[in-house]
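Shown below: model_30.txt, with compact mmCIF, C-alpha atoms and all ligand atoms.
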# COMPACT_ATOMS: atom_id res chain seq x y z
CA MET A 1 10.49 -1.67 -30.91
CA ASP A 2 7.21 -1.13 -32.65
CA ARG A 3 8.14 -3.65 -35.40
CA ASP A 4 8.74 -6.36 -32.75
CA LYS A 5 5.37 -5.64 -31.13
CA ARG A 6 3.61 -5.90 -34.48
CA LEU A 7 5.43 -9.17 -35.26
CA LYS A 8 4.42 -10.60 -31.87
CA ALA A 9 0.81 -9.68 -32.55
CA ILE A 10 0.74 -11.71 -35.77
CA SER A 11 3.03 -14.56 -34.67
CA LEU A 12 0.33 -17.12 -33.83
CA GLY A 13 -1.03 -16.85 -37.37
CA LEU A 14 2.32 -17.50 -39.03
CA SER A 15 3.19 -20.84 -40.61
CA GLU A 16 5.20 -23.33 -38.59
CA GLU A 17 8.37 -22.87 -40.66
CA THR A 18 8.21 -19.12 -39.96
CA GLN A 19 7.41 -19.58 -36.27
CA ALA A 20 10.47 -21.84 -35.85
CA ILE A 21 12.56 -18.89 -37.01
CA ARG A 22 10.67 -15.88 -35.67
CA VAL A 23 9.12 -16.88 -32.32
CA GLY A 24 11.55 -16.85 -29.37
CA PRO A 25 13.25 -14.58 -26.87
CA ASP A 26 12.45 -10.88 -26.83
CA ARG A 27 15.04 -8.63 -28.44
CA THR A 28 17.08 -6.64 -25.87
CA PRO A 29 17.58 -2.85 -26.03
CA GLU A 30 20.90 -3.58 -27.86
CA ARG A 31 18.79 -4.43 -31.00
CA GLU A 32 20.69 -7.68 -31.72
CA HIS A 33 19.54 -9.69 -34.77
CA SER A 34 20.62 -13.14 -33.58
CA GLU A 35 19.18 -14.04 -30.16
CA ALA A 36 21.20 -12.98 -27.10
CA ILE A 37 22.80 -15.49 -24.71
CA PHE A 38 22.39 -14.53 -21.06
CA THR A 39 25.41 -16.16 -19.46
CA THR A 40 24.69 -15.00 -15.93
CA SER A 41 23.98 -16.98 -12.77
CA SER A 42 21.68 -14.39 -11.23
CA PHE A 43 19.76 -11.20 -12.02
CA VAL A 44 19.82 -7.88 -10.19
CA PHE A 45 16.91 -5.73 -8.97
CA PRO A 46 16.59 -1.94 -8.81
CA ASP A 47 15.19 -2.04 -5.24
CA ALA A 48 14.15 -4.39 -2.43
CA ALA A 49 10.43 -4.14 -3.16
CA THR A 50 10.90 -5.26 -6.80
CA MET A 51 13.14 -8.10 -5.58
CA ALA A 52 10.52 -9.20 -3.06
CA ASP A 53 7.84 -9.03 -5.73
CA ALA A 54 9.90 -11.36 -7.97
CA PHE A 55 10.66 -13.87 -5.21
CA VAL A 56 7.39 -13.83 -3.27
CA ASN A 57 4.76 -12.92 -5.86
CA ASN A 58 6.37 -14.48 -8.95
CA SER A 59 6.22 -11.14 -10.77
CA GLY A 60 7.91 -12.67 -13.84
CA LEU A 61 11.33 -11.01 -13.50
CA SER A 62 14.24 -13.45 -13.79
CA ILE A 63 15.78 -14.38 -10.44
CA TYR A 64 18.48 -17.04 -10.73
CA ALA A 65 19.57 -19.14 -13.72
CA ARG A 66 18.61 -22.50 -12.17
CA VAL A 67 15.07 -21.13 -12.02
CA ASP A 68 14.81 -19.00 -15.16
CA ASN A 69 16.90 -17.51 -17.93
CA PRO A 70 15.69 -15.48 -20.94
CA THR A 71 17.64 -17.56 -23.49
CA VAL A 72 16.32 -20.84 -22.09
CA ASP A 73 12.80 -19.38 -21.87
CA GLY A 74 13.10 -18.26 -25.51
CA PHE A 75 14.00 -21.81 -26.58
CA CYS A 76 10.99 -23.13 -24.62
CA LYS A 77 8.68 -20.59 -26.25
CA ARG A 78 9.85 -21.58 -29.75
CA LEU A 79 9.60 -25.34 -29.14
CA ALA A 80 6.19 -24.99 -27.45
CA VAL A 81 4.75 -23.27 -30.53
CA LEU A 82 6.03 -26.10 -32.75
CA GLU A 83 4.67 -28.89 -30.50
CA GLY A 84 1.38 -27.04 -29.99
CA ALA A 85 2.01 -27.06 -26.23
CA GLU A 86 0.72 -24.64 -23.63
CA ALA A 87 3.93 -24.95 -21.59
CA CYS A 88 7.51 -26.15 -21.99
CA GLU A 89 10.34 -26.71 -19.55
CA ALA A 90 13.96 -27.28 -20.59
CA THR A 91 16.40 -29.69 -18.96
CA ALA A 92 20.16 -30.33 -18.98
CA THR A 93 19.79 -33.55 -21.03
CA GLY A 94 17.07 -35.73 -22.51
CA MET A 95 17.44 -38.09 -19.55
CA GLY A 96 16.95 -35.05 -17.28
CA ALA A 97 13.57 -34.59 -18.98
CA VAL A 98 12.62 -38.26 -18.41
CA LEU A 99 13.79 -38.14 -14.77
CA SER A 100 11.98 -34.86 -14.03
CA THR A 101 8.72 -36.08 -15.57
CA LEU A 102 8.71 -39.31 -13.58
CA MET A 103 9.76 -37.57 -10.35
CA ALA A 104 7.05 -34.95 -10.76
CA HIS A 105 4.19 -37.28 -11.61
CA CYS A 106 4.87 -40.58 -9.83
CA GLN A 107 5.03 -41.60 -6.21
CA SER A 108 5.58 -44.73 -4.22
CA GLY A 109 2.87 -47.30 -4.94
CA ASP A 110 2.22 -46.06 -8.50
CA ARG A 111 2.32 -48.35 -11.51
CA VAL A 112 4.17 -47.22 -14.64
CA LEU A 113 3.63 -48.83 -18.04
CA MET A 114 6.52 -48.59 -20.43
CA SER A 115 6.88 -49.65 -24.03
CA THR A 116 9.52 -52.36 -24.48
CA GLY A 117 10.92 -50.14 -27.24
CA VAL A 118 12.40 -47.38 -25.09
CA PHE A 119 15.94 -46.04 -24.95
CA GLY A 120 18.23 -48.17 -22.74
CA ALA A 121 18.92 -45.43 -20.17
CA THR A 122 15.17 -44.72 -19.81
CA LEU A 123 14.49 -48.35 -18.99
CA ASN A 124 17.49 -48.51 -16.64
CA LEU A 125 16.38 -45.33 -14.85
CA VAL A 126 13.10 -46.94 -13.89
CA LYS A 127 14.47 -50.45 -13.25
CA ASN A 128 17.49 -49.36 -11.20
CA TYR A 129 16.03 -46.40 -9.32
CA PHE A 130 12.27 -45.86 -9.43
CA ILE A 131 11.49 -49.48 -8.57
CA LYS A 132 13.70 -49.13 -5.50
CA TYR A 133 11.42 -46.28 -4.33
CA GLY A 134 8.26 -48.34 -4.61
CA ILE A 135 7.18 -47.79 -8.21
CA GLU A 136 5.95 -50.80 -10.13
CA LEU A 137 6.99 -51.23 -13.77
CA GLU A 138 5.23 -53.21 -16.45
CA LEU A 139 6.69 -53.49 -19.94
CA VAL A 140 4.27 -53.55 -22.87
CA SER A 141 4.82 -54.29 -26.54
CA PRO A 142 4.66 -50.95 -28.42
CA THR A 143 2.70 -52.28 -31.37
CA ASP A 144 -0.02 -54.19 -29.51
CA LEU A 145 -2.94 -51.96 -28.45
CA ARG A 146 -4.68 -54.96 -26.86
CA ALA A 147 -1.66 -55.53 -24.62
CA TRP A 148 -1.81 -51.86 -23.55
CA GLU A 149 -5.53 -52.24 -22.86
CA GLU A 150 -4.89 -55.28 -20.71
CA ALA A 151 -2.07 -53.54 -18.84
CA LEU A 152 -4.43 -50.61 -18.22
CA SER A 153 -7.07 -52.88 -16.71
CA LYS A 154 -5.20 -52.40 -13.41
CA PRO A 155 -4.72 -48.78 -12.20
CA ALA A 156 -1.64 -47.14 -13.78
CA LYS A 157 -0.34 -43.61 -13.18
CA LEU A 158 1.63 -43.13 -16.34
CA ALA A 159 2.21 -44.82 -19.71
CA TYR A 160 5.50 -44.05 -21.43
CA CYS A 161 6.55 -44.72 -25.01
CA GLU A 162 8.81 -43.70 -27.88
CA THR A 163 7.55 -43.88 -31.42
CA PRO A 164 9.28 -44.96 -33.58
CA SER A 165 11.20 -47.10 -31.12
CA ASN A 166 14.97 -47.13 -30.94
CA PRO A 167 16.44 -49.13 -32.71
CA THR A 168 13.68 -51.52 -33.79
CA ILE A 169 11.61 -48.76 -35.48
CA GLU A 170 8.26 -50.02 -34.20
CA LEU A 171 5.34 -47.65 -33.82
CA VAL A 172 2.90 -46.94 -31.03
CA ASP A 173 -0.52 -45.83 -32.25
CA ILE A 174 -0.56 -42.58 -30.26
CA GLN A 175 -4.21 -41.79 -30.95
CA GLY A 176 -5.35 -45.33 -30.05
CA LEU A 177 -3.23 -45.49 -26.89
CA SER A 178 -4.25 -42.00 -25.77
CA ALA A 179 -7.93 -42.98 -25.95
CA LEU A 180 -7.24 -46.05 -23.78
CA CYS A 181 -5.18 -43.99 -21.30
CA ARG A 182 -7.76 -41.22 -21.06
CA ALA A 183 -10.52 -43.70 -20.23
CA LYS A 184 -8.38 -45.00 -17.34
CA HIS A 185 -7.08 -41.60 -16.12
CA CYS A 186 -3.51 -42.61 -16.95
CA LEU A 187 -1.08 -39.96 -18.21
CA LEU A 188 0.40 -40.70 -21.63
CA VAL A 189 3.99 -39.50 -22.12
CA VAL A 190 5.55 -39.71 -25.59
CA ASP A 191 9.27 -39.27 -26.36
CA ASN A 192 9.15 -37.45 -29.70
CA CYS A 193 12.87 -37.10 -30.31
CA PHE A 194 13.02 -39.38 -33.39
CA MET A 195 10.31 -37.53 -35.33
CA THR A 196 10.37 -34.01 -33.84
CA PRO A 197 7.27 -31.76 -34.05
CA VAL A 198 8.01 -31.17 -37.73
CA LEU A 199 6.95 -34.75 -38.56
CA GLN A 200 4.75 -35.81 -35.64
CA LYS A 201 2.67 -33.98 -33.02
CA PRO A 202 1.86 -36.32 -30.12
CA LEU A 203 -0.12 -33.68 -28.17
CA ALA A 204 -2.51 -33.19 -31.09
CA LEU A 205 -2.88 -37.00 -31.23
CA GLY A 206 -3.94 -37.08 -27.57
CA ALA A 207 -0.72 -37.49 -25.57
CA ASP A 208 -0.52 -35.59 -22.27
CA LEU A 209 3.21 -34.82 -22.23
CA VAL A 210 5.96 -34.83 -24.85
CA ILE A 211 9.61 -35.44 -24.03
CA HIS A 212 12.63 -34.46 -26.10
CA SER A 213 16.28 -35.20 -26.10
CA ALA A 214 17.24 -31.86 -27.69
CA THR A 215 20.68 -33.43 -28.09
CA LYS A 216 19.33 -35.08 -31.25
CA TYR A 217 17.51 -33.34 -34.11
CA LEU A 218 16.65 -30.11 -32.25
CA ASP A 219 20.37 -29.36 -32.22
CA GLY A 220 20.97 -31.19 -35.47
CA GLN A 221 24.74 -30.96 -35.48
CA GLY A 222 25.79 -32.97 -32.44
CA ARG A 223 27.05 -30.02 -30.41
CA ALA A 224 25.15 -29.85 -27.15
CA MET A 225 23.15 -31.85 -24.58
CA GLY A 226 19.63 -30.84 -23.60
CA GLY A 227 16.06 -31.95 -23.12
CA ALA A 228 12.51 -30.65 -22.81
CA VAL A 229 9.10 -31.55 -21.41
CA LEU A 230 5.97 -30.08 -23.00
CA GLY A 231 2.23 -30.19 -22.48
CA ARG A 232 -0.64 -28.55 -20.59
CA ARG A 233 0.49 -25.98 -18.04
CA ASP A 234 -0.92 -27.88 -15.05
CA LEU A 235 1.07 -30.98 -16.10
CA VAL A 236 4.32 -29.13 -16.84
CA GLU A 237 4.28 -27.04 -13.64
CA PRO A 238 5.13 -29.97 -11.32
CA VAL A 239 8.02 -30.81 -13.71
CA THR A 240 9.24 -27.20 -13.49
CA SER A 241 9.10 -27.40 -9.75
CA PHE A 242 11.24 -30.58 -9.71
CA ILE A 243 13.78 -29.10 -12.16
CA ARG A 244 14.19 -26.03 -9.94
CA SER A 245 14.77 -28.14 -6.84
CA GLY A 246 16.71 -30.92 -8.57
CA GLY A 247 18.91 -28.58 -10.61
CA VAL A 248 18.72 -30.42 -13.96
CA THR A 249 18.51 -27.05 -15.71
CA MET A 250 19.49 -26.35 -19.32
CA SER A 251 22.49 -24.06 -19.78
CA PRO A 252 21.80 -20.77 -21.62
CA PHE A 253 24.56 -21.49 -24.11
CA ASN A 254 22.97 -24.83 -25.03
CA ALA A 255 19.55 -23.17 -25.25
CA TRP A 256 21.03 -20.74 -27.79
CA ILE A 257 22.37 -23.65 -29.87
CA PHE A 258 18.92 -25.29 -29.83
CA LEU A 259 17.25 -21.99 -30.75
CA LYS A 260 19.48 -21.88 -33.84
CA GLY A 261 18.83 -25.59 -34.49
CA LEU A 262 15.06 -25.07 -34.48
CA GLU A 263 15.41 -22.46 -37.23
CA THR A 264 16.48 -25.14 -39.71
CA LEU A 265 14.59 -28.11 -38.24
CA SER A 266 11.87 -28.17 -40.88
CA VAL A 267 14.21 -28.34 -43.89
CA ARG A 268 16.53 -30.76 -42.12
CA MET A 269 13.78 -33.25 -41.18
CA LYS A 270 12.52 -33.30 -44.76
CA ALA A 271 16.05 -33.92 -46.07
CA HIS A 272 16.83 -36.56 -43.38
CA SER A 273 13.61 -38.40 -44.34
CA GLU A 274 14.38 -38.30 -48.08
CA ASN A 275 17.93 -39.57 -47.56
CA ALA A 276 16.87 -42.30 -45.12
CA LEU A 277 14.17 -43.55 -47.48
CA ALA A 278 16.69 -43.77 -50.35
CA VAL A 279 19.23 -45.67 -48.21
CA ALA A 280 16.48 -47.97 -46.82
CA GLN A 281 15.22 -48.79 -50.33
CA TRP A 282 18.77 -49.61 -51.44
CA LEU A 283 19.47 -51.76 -48.35
CA GLU A 284 16.29 -53.76 -48.98
CA LYS A 285 17.76 -54.92 -52.28
CA GLN A 286 21.07 -56.15 -50.86
CA PRO A 287 21.55 -59.93 -50.64
CA GLN A 288 23.34 -59.69 -47.26
CA VAL A 289 20.31 -57.98 -45.67
CA GLU A 290 17.63 -59.99 -43.88
CA ARG A 291 15.26 -57.14 -43.06
CA VAL A 292 15.17 -53.33 -43.10
CA ASN A 293 13.23 -51.48 -40.41
CA TYR A 294 12.16 -48.05 -41.66
CA VAL A 295 8.68 -46.59 -41.36
CA GLY A 296 8.84 -44.98 -44.78
CA LEU A 297 9.09 -48.37 -46.49
CA GLU A 298 5.89 -49.97 -47.75
CA SER A 299 7.22 -53.28 -46.38
CA HIS A 300 7.06 -51.91 -42.82
CA PRO A 301 4.25 -53.78 -41.01
CA GLN A 302 2.87 -50.48 -39.68
CA TYR A 303 3.26 -48.45 -42.88
CA VAL A 304 -0.41 -47.37 -42.88
CA LEU A 305 -0.21 -46.12 -39.29
CA ALA A 306 3.08 -44.36 -40.11
CA GLN A 307 1.40 -42.50 -42.98
CA ARG A 308 -1.46 -41.41 -40.71
CA GLN A 309 0.64 -40.46 -37.71
CA ALA A 310 3.70 -38.75 -39.17
CA LYS A 311 4.45 -36.58 -42.20
CA ALA A 312 7.54 -38.64 -43.18
CA GLY A 313 9.74 -41.44 -41.89
CA GLY A 314 12.50 -39.43 -40.20
CA GLY A 315 16.19 -40.21 -40.37
CA VAL A 316 16.67 -43.44 -38.40
CA LEU A 317 16.59 -46.97 -39.76
CA SER A 318 17.93 -50.33 -38.68
CA PHE A 319 18.59 -53.54 -40.54
CA THR A 320 19.58 -57.11 -39.76
CA LEU A 321 22.21 -59.18 -41.55
CA LYS A 322 21.15 -62.48 -43.11
CA ASN A 323 22.49 -65.35 -40.95
CA GLY A 324 24.53 -62.62 -39.26
CA SER A 325 26.33 -62.64 -35.93
CA ARG A 326 27.80 -59.96 -33.67
CA GLU A 327 31.15 -60.48 -35.45
CA ASP A 328 29.51 -59.83 -38.84
CA ALA A 329 27.85 -56.68 -37.58
CA TRP A 330 31.17 -55.46 -36.14
CA SER A 331 32.98 -56.33 -39.42
CA PHE A 332 30.43 -54.22 -41.31
CA LEU A 333 30.95 -51.28 -38.95
CA ASN A 334 34.75 -51.57 -39.00
CA ALA A 335 34.88 -51.57 -42.81
CA THR A 336 32.90 -48.32 -43.17
CA CYS A 337 34.72 -45.00 -42.90
CA LEU A 338 32.35 -42.18 -43.92
CA MET A 339 29.57 -42.89 -41.45
CA SER A 340 30.61 -42.01 -37.90
CA LEU A 341 30.86 -44.94 -35.51
CA THR A 342 29.03 -43.27 -32.63
CA ALA A 343 25.87 -43.66 -30.59
CA ASN A 344 24.31 -40.24 -31.17
CA LEU A 345 21.66 -39.61 -33.80
CA GLY A 346 19.93 -36.60 -35.30
CA ASP A 347 23.12 -35.14 -36.72
CA VAL A 348 23.76 -33.92 -40.27
CA LYS A 349 26.65 -36.40 -40.13
CA THR A 350 25.40 -39.98 -40.62
CA THR A 351 26.03 -42.22 -37.61
CA VAL A 352 26.14 -46.00 -37.44
CA CYS A 353 26.20 -48.35 -34.45
CA HIS A 354 25.61 -51.87 -33.18
CA PRO A 355 22.80 -51.29 -30.63
CA ALA A 356 23.26 -54.62 -28.78
CA THR A 357 26.80 -53.64 -27.73
CA SER A 358 26.44 -49.84 -27.52
CA THR A 359 23.18 -47.90 -26.93
CA HIS A 360 21.49 -50.97 -25.43
CA GLY A 361 24.64 -52.75 -24.21
CA ARG A 362 23.99 -52.09 -20.51
CA ILE A 363 20.52 -53.52 -20.30
CA ASP A 364 19.85 -57.15 -19.42
CA GLU A 365 20.18 -59.69 -22.22
CA SER A 366 16.59 -60.81 -21.52
CA ASP A 367 15.28 -57.23 -21.91
CA ARG A 368 17.23 -56.87 -25.17
CA GLN A 369 15.58 -60.01 -26.49
CA LEU A 370 12.16 -58.75 -25.38
CA MET A 371 12.87 -55.50 -27.26
CA GLY A 372 13.87 -57.40 -30.40
CA ILE A 373 17.43 -56.06 -30.42
CA SER A 374 19.39 -58.87 -32.01
CA GLU A 375 23.14 -59.33 -32.36
CA ASN A 376 22.87 -59.01 -36.17
CA MET A 377 21.16 -55.58 -36.03
CA ILE A 378 22.82 -52.37 -37.21
CA ARG A 379 21.33 -48.89 -36.76
CA ILE A 380 21.96 -46.03 -39.14
CA ALA A 381 20.87 -42.47 -38.36
CA VAL A 382 21.01 -41.09 -41.87
CA GLY A 383 22.47 -37.60 -42.14
CA LEU A 384 22.57 -35.09 -44.93
CA GLU A 385 25.59 -36.26 -46.93
CA SER A 386 24.99 -37.42 -50.51
CA VAL A 387 23.04 -40.69 -50.70
CA ASP A 388 25.53 -42.04 -53.28
CA ASP A 389 28.41 -41.57 -50.84
CA LEU A 390 26.45 -43.24 -48.03
CA ILE A 391 25.60 -46.21 -50.24
CA GLN A 392 29.27 -46.57 -51.18
CA ASP A 393 30.14 -46.64 -47.49
CA CYS A 394 27.56 -49.38 -46.88
CA GLU A 395 29.10 -51.29 -49.81
CA ARG A 396 32.46 -51.10 -47.97
CA GLY A 397 30.69 -52.57 -44.95
CA PHE A 398 29.11 -55.43 -46.91
CA SER A 399 32.38 -56.23 -48.68
CA ALA A 400 33.88 -57.17 -45.30
CA LEU A 401 31.31 -59.93 -44.79
CA THR A 402 32.32 -63.40 -45.78
CA GLY A 403 30.00 -66.12 -47.00
C1 LIG B 1 14.81 -41.73 -27.82
C2 LIG B 1 15.75 -41.13 -26.81
N1 LIG B 1 15.23 -40.54 -25.73
C3 LIG B 1 16.03 -39.98 -24.79
C4 LIG B 1 17.40 -40.02 -24.91
C5 LIG B 1 18.26 -39.42 -23.83
O1 LIG B 1 18.74 -38.19 -24.24
P1 LIG B 1 20.11 -37.55 -23.72
O2 LIG B 1 21.22 -38.37 -24.25
O3 LIG B 1 20.04 -36.15 -24.26
O4 LIG B 1 20.08 -37.58 -22.23
C6 LIG B 1 17.97 -40.61 -26.04
C7 LIG B 1 19.45 -40.62 -26.20
O5 LIG B 1 20.00 -41.24 -27.08
C8 LIG B 1 17.13 -41.19 -27.01
O6 LIG B 1 17.63 -41.80 -28.11

Would you kindly transcribe this structure into structure tokens?
Ligand SMILES: Cc1ncc(COP(=O)(O)O)c(C=O)c1O
Amino acid sequence: MDRDKRLKAISLGLSEETQAIRVGPDRTPEREHSEAIFTTSSFVFPDAATMADAFVNNSGLSIYARVDNPTVDGFCKRLAVLEGAEACEATATGMGAVLSTLMAHCQSGDRVLMSTGVFGATLNLVKNYFIKYGIELELVSPTDLRAWEEALSKPAKLAYCETPSNPTIELVDIQGLSALCRAKHCLLVVDNCFMTPVLQKPLALGADLVIHSATKYLDGQGRAMGGAVLGRRDLVEPVTSFIRSGGVTMSPFNAWIFLKGLETLSVRMKAHSENALAVAQWLEKQPQVERVNYVGLESHPQYVLAQRQAKAGGGVLSFTLKNGSREDAWSFLNATCLMSLTANLGDVKTTVCHPATSTHGRIDESDRQLMGISENMIRIAVGLESVDDLIQDCERGFSALTG
């Protein structure tokens, strides 16, 4: 339609909030308003020559859903605009994105640097599998640029971090680390799932690749699993190639859910950040609380960096109980009833968990200690319910603590 062509022509000049709603898959001849879901395994061709052109010359026509699908491509297009990325590839899960990136860019003999503050499964993926295939791993404290510099004094292929870290909410200075990595020809990969492109843009700060667990805020309502890898085309292409061979492809139905999620991402991230800040400020005043970890708090040791690097604090915070034990943390969790006792985050429903025995329960005790995940730590991924109701639920939790 002429209107669609005119919209496409102006789309790069639109504001981000508008792009998140208006950039995406092309409308089909059916003139649907909401984006179409292409639930098909393969695509047909009018003749053999066109088919050959698609397979041999990469003409751009869809071939087979493990390789390409218009709904998945539309999600990639929309997310790429938001992250400021030249290319995007979607995966079946966030871990699929981590796996594909490492498989595409590392080989036997390479050294990988990883922040101690990464998601448990990410650490386990490298420790249990990549090391077995000849990749060397060195863990580095996220907050210490000098430690990164020292680690980079020996050749390294790839540096990997999450910022803020889960669940300790420590920051990596993306700009500082990217300068160090660039000088040593080391790829910097940043998992941006806690902040999303609405609050933080790692590529603009110098990162080479961005990873997402779309399962979190990109969906926003805890409905579907997915992931994405974004960056310069020449860095994403090897990832695409692995995904096609390895089959960790995103399903078109999930891509459609994420397309819809992206439409409201901007307003949700602002609201998550406001709610989390209010809950964090309240928690800081409670006598049972030893320390609150939230980047939006002025008491956070990296508050200045947080202000420079991200537009707001996001939805996730953690806190430790004064003189608290695992039993205390469990008593707190068991006494709450509004917050969902579940490991996911990024949902409009607030979630609460005990990281040491859930999200990070399968990693070695020594690694947990290195990461700063203590037995008295509780993580809350603040949703969009009323802050008053959330505070009341925390009060239920505190009332179960004795002493
Ligand atoms: C920061 C972070 N990265 C990656 C992942 C993995 O994502 P997925 O569960 O979609 O595989 C998670 C999951 O919790 C996560 O918290």

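Each of A:Arg396, A:Lys322, A:His212, A:Arg291 was checked against ligand LIG 1 (chain B) using only C-alpha atoms and all ligand atoms; the smallest atom-to-atom distance is that of A:His212.
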
Within-7 Å residues of ligand LIG 1 (chain B), basis all atoms listed in the file, as an MDAnalysis selection string: chainID A and resid 93:96 118:119 122 162 166 191 193:194 212:215 225:227 344

Surrounding residues of Leu297 in chain A excluding itself and chain neighbours under 5 positions, 9 Å, all atoms listed in the file, as a list of chain:residue names: A:Leu277, A:Ala280, A:Gln281, A:Val292, A:Tyr303, A:Gly313

Surrounding residues of range 141-158 of chain A excluding itself and chain neighbours under 4 positions, 7 Å, all atoms listed in the file, as a PyMOL selection string: chain A and resi 106+110-113+115-117+170-172+177+180+184+186-188

Coordinates-based distance that separates CA of Ser178 in chain A from CA of Val304 in chain A (Å, one decimal): 18.3 Å

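For the residues A:Ser165, A:Thr18, A:Ser100, A:Thr402, ranking by smallest atom-to-atom distance to Gly247 in chain A using all atoms listed in the file places A:Ser100 first.
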
Selection near Asp219 in chain A, 9 Å with all atoms listed in the file, sequence-local residues under 4 positions removed, as number ranges by chain: A: 214-215, 223-226, 254, 257-262, 265, 346-347

If the box runs along x, y and z of the file and leaves 5 Å on each side of range 5-8 of chain A, what are its centre and edge lengths in Å, one decimal, as AutoDock Vina command-line options?
--center_x 4.5 --center_y -8.1 --center_z -33.2 --size_x 11.8 --size_y 15.0 --size_z 14.1

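Using all atoms listed in the file, the smallest distance between any of A:Ile21, A:Ala97, A:Leu61, A:Ala343 and Gly361 in chain A comes from A:Ala343.
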
Selected residue of minimal separation from Phe38 in chain A among A:Pro287, A:Pro238, A:Pro70, A:Pro197, counting only C-alpha atoms: A:Pro70

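Of note, CA of Leu137 in chain A and CA of Ser366 in chain A are spaced 15.6 Å apart.
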
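Take CA of Val387 in chain A and CA of Thr351 in chain A: the distance between them is 13.5 Å.
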
Spatial neighbours of range 353-356 of chain A, max dist 8 Å, all atoms listed in the file, sep filter under 3 positions, as a count of residues only: 18

Residues within 10 Å of Leu125 in chain A, all atoms listed in the file, excluding chain neighbours under 3 positions, as an mmCIF file with C-alpha atoms, in the coordinates of the input:
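Produced file out36.cif, reproduced below:
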data_model
loop_
_atom_site.group_PDB
_atom_site.id
_atom_site.type_symbol
_atom_site.label_atom_id
_atom_site.label_comp_id
_atom_site.auth_asym_id
_atom_site.auth_seq_id
_atom_site.Cartn_x
_atom_site.Cartn_y
_atom_site.Cartn_z
ATOM 1 C CA MET A 95 17.440 -38.090 -19.550
ATOM 2 C CA VAL A 98 12.620 -38.260 -18.410
ATOM 3 C CA LEU A 99 13.790 -38.140 -14.770
ATOM 4 C CA LEU A 102 8.710 -39.310 -13.580
ATOM 5 C CA GLY A 120 18.230 -48.170 -22.740
ATOM 6 C CA ALA A 121 18.920 -45.430 -20.170
ATOM 7 C CA THR A 122 15.170 -44.720 -19.810
ATOM 8 C CA ASN A 128 17.490 -49.360 -11.200
ATOM 9 C CA TYR A 129 16.030 -46.400 -9.320
ATOM 10 C CA PHE A 130 12.270 -45.860 -9.430
ATOM 11 C CA ILE A 131 11.490 -49.480 -8.570
#

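Using all atoms listed in the file, the smallest distance between any of A:Asp364, A:Gln369, A:Ser358, A:Gly383 and Leu338 in chain A comes from A:Gly383.
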
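Using all atoms listed in the file, the smallest distance between any of A:Leu205, A:Ala228, A:Ala255, A:Leu401 and Thr71 in chain A comes from A:Ala255.
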
Point (27.3, -33.6, -40.0), cut-off 8 Å, counting all atoms listed in the file, residues as number ranges by chain: A: 221-222, 347-350, 383-385

Counting all atoms listed in the file, which residues in range 9-37 of chain A sit no more than 12 Å from range 73-77 of chain A? For each one, give the nearest pair of atoms and the distance in Å, sorted by chain then residue number, as JSON lines.
{"residue": "A:Ser11", "atom": "CA", "partner": "A:Lys77", "partner_atom": "CA", "distance": 11.8}
{"residue": "A:Leu12", "atom": "CA", "partner": "A:Lys77", "partner_atom": "CA", "distance": 11.8}
{"residue": "A:Gln19", "atom": "CA", "partner": "A:Lys77", "partner_atom": "CA", "distance": 10.2}
{"residue": "A:Ala20", "atom": "CA", "partner": "A:Lys77", "partner_atom": "CA", "distance": 9.8}
{"residue": "A:Ile21", "atom": "CA", "partner": "A:Phe75", "partner_atom": "CA", "distance": 10.9}
{"residue": "A:Arg22", "atom": "CA", "partner": "A:Gly74", "partner_atom": "CA", "distance": 10.7}
{"residue": "A:Val23", "atom": "CA", "partner": "A:Lys77", "partner_atom": "CA", "distance": 7.1}
{"residue": "A:Gly24", "atom": "CA", "partner": "A:Gly74", "partner_atom": "CA", "distance": 4.4}
{"residue": "A:Pro25", "atom": "CA", "partner": "A:Gly74", "partner_atom": "CA", "distance": 3.9}
{"residue": "A:Asp26", "atom": "CA", "partner": "A:Gly74", "partner_atom": "CA", "distance": 7.5}
{"residue": "A:Arg27", "atom": "CA", "partner": "A:Gly74", "partner_atom": "CA", "distance": 10.3}
{"residue": "A:Glu35", "atom": "CA", "partner": "A:Gly74", "partner_atom": "CA", "distance": 8.7}
{"residue": "A:Ala36", "atom": "CA", "partner": "A:Gly74", "partner_atom": "CA", "distance": 9.8}
{"residue": "A:Ile37", "atom": "CA", "partner": "A:Gly74", "partner_atom": "CA", "distance": 10.1}

Expected residue set, 9 Å radius at (24.2, -54.7, -43.2), only C-alpha atoms, as a PyMOL selection string: chain A and resi 283+286+288-290+318-322+324+328-329+332-333+376-378+394-395+397-398+401

Would you kindly place N, CA and C atoms on range 376-380 of chain A and return the model as a short mmCIF file (atom, residue, chain, number, x, y, z; two decimals), keeping the file's coordinate frame?
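Full text of rebuild19.cif as output:
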data_model
loop_
_atom_site.label_atom_id
_atom_site.label_comp_id
_atom_site.auth_asym_id
_atom_site.auth_seq_id
_atom_site.Cartn_x
_atom_site.Cartn_y
_atom_site.Cartn_z
N ASN A 376 22.58 -59.29 -34.75
CA ASN A 376 22.87 -59.01 -36.17
C ASN A 376 22.23 -57.70 -36.63
N MET A 377 21.83 -56.85 -35.66
CA MET A 377 21.16 -55.58 -36.03
C MET A 377 22.14 -54.41 -36.05
N ILE A 378 21.99 -53.59 -37.07
CA ILE A 378 22.82 -52.37 -37.21
C ILE A 378 21.86 -51.18 -37.34
N ARG A 379 22.18 -50.09 -36.64
CA ARG A 379 21.33 -48.89 -36.76
C ARG A 379 22.07 -47.80 -37.53
N ILE A 380 21.38 -47.18 -38.45
CA ILE A 380 21.96 -46.03 -39.14
C ILE A 380 21.04 -44.83 -38.93
#
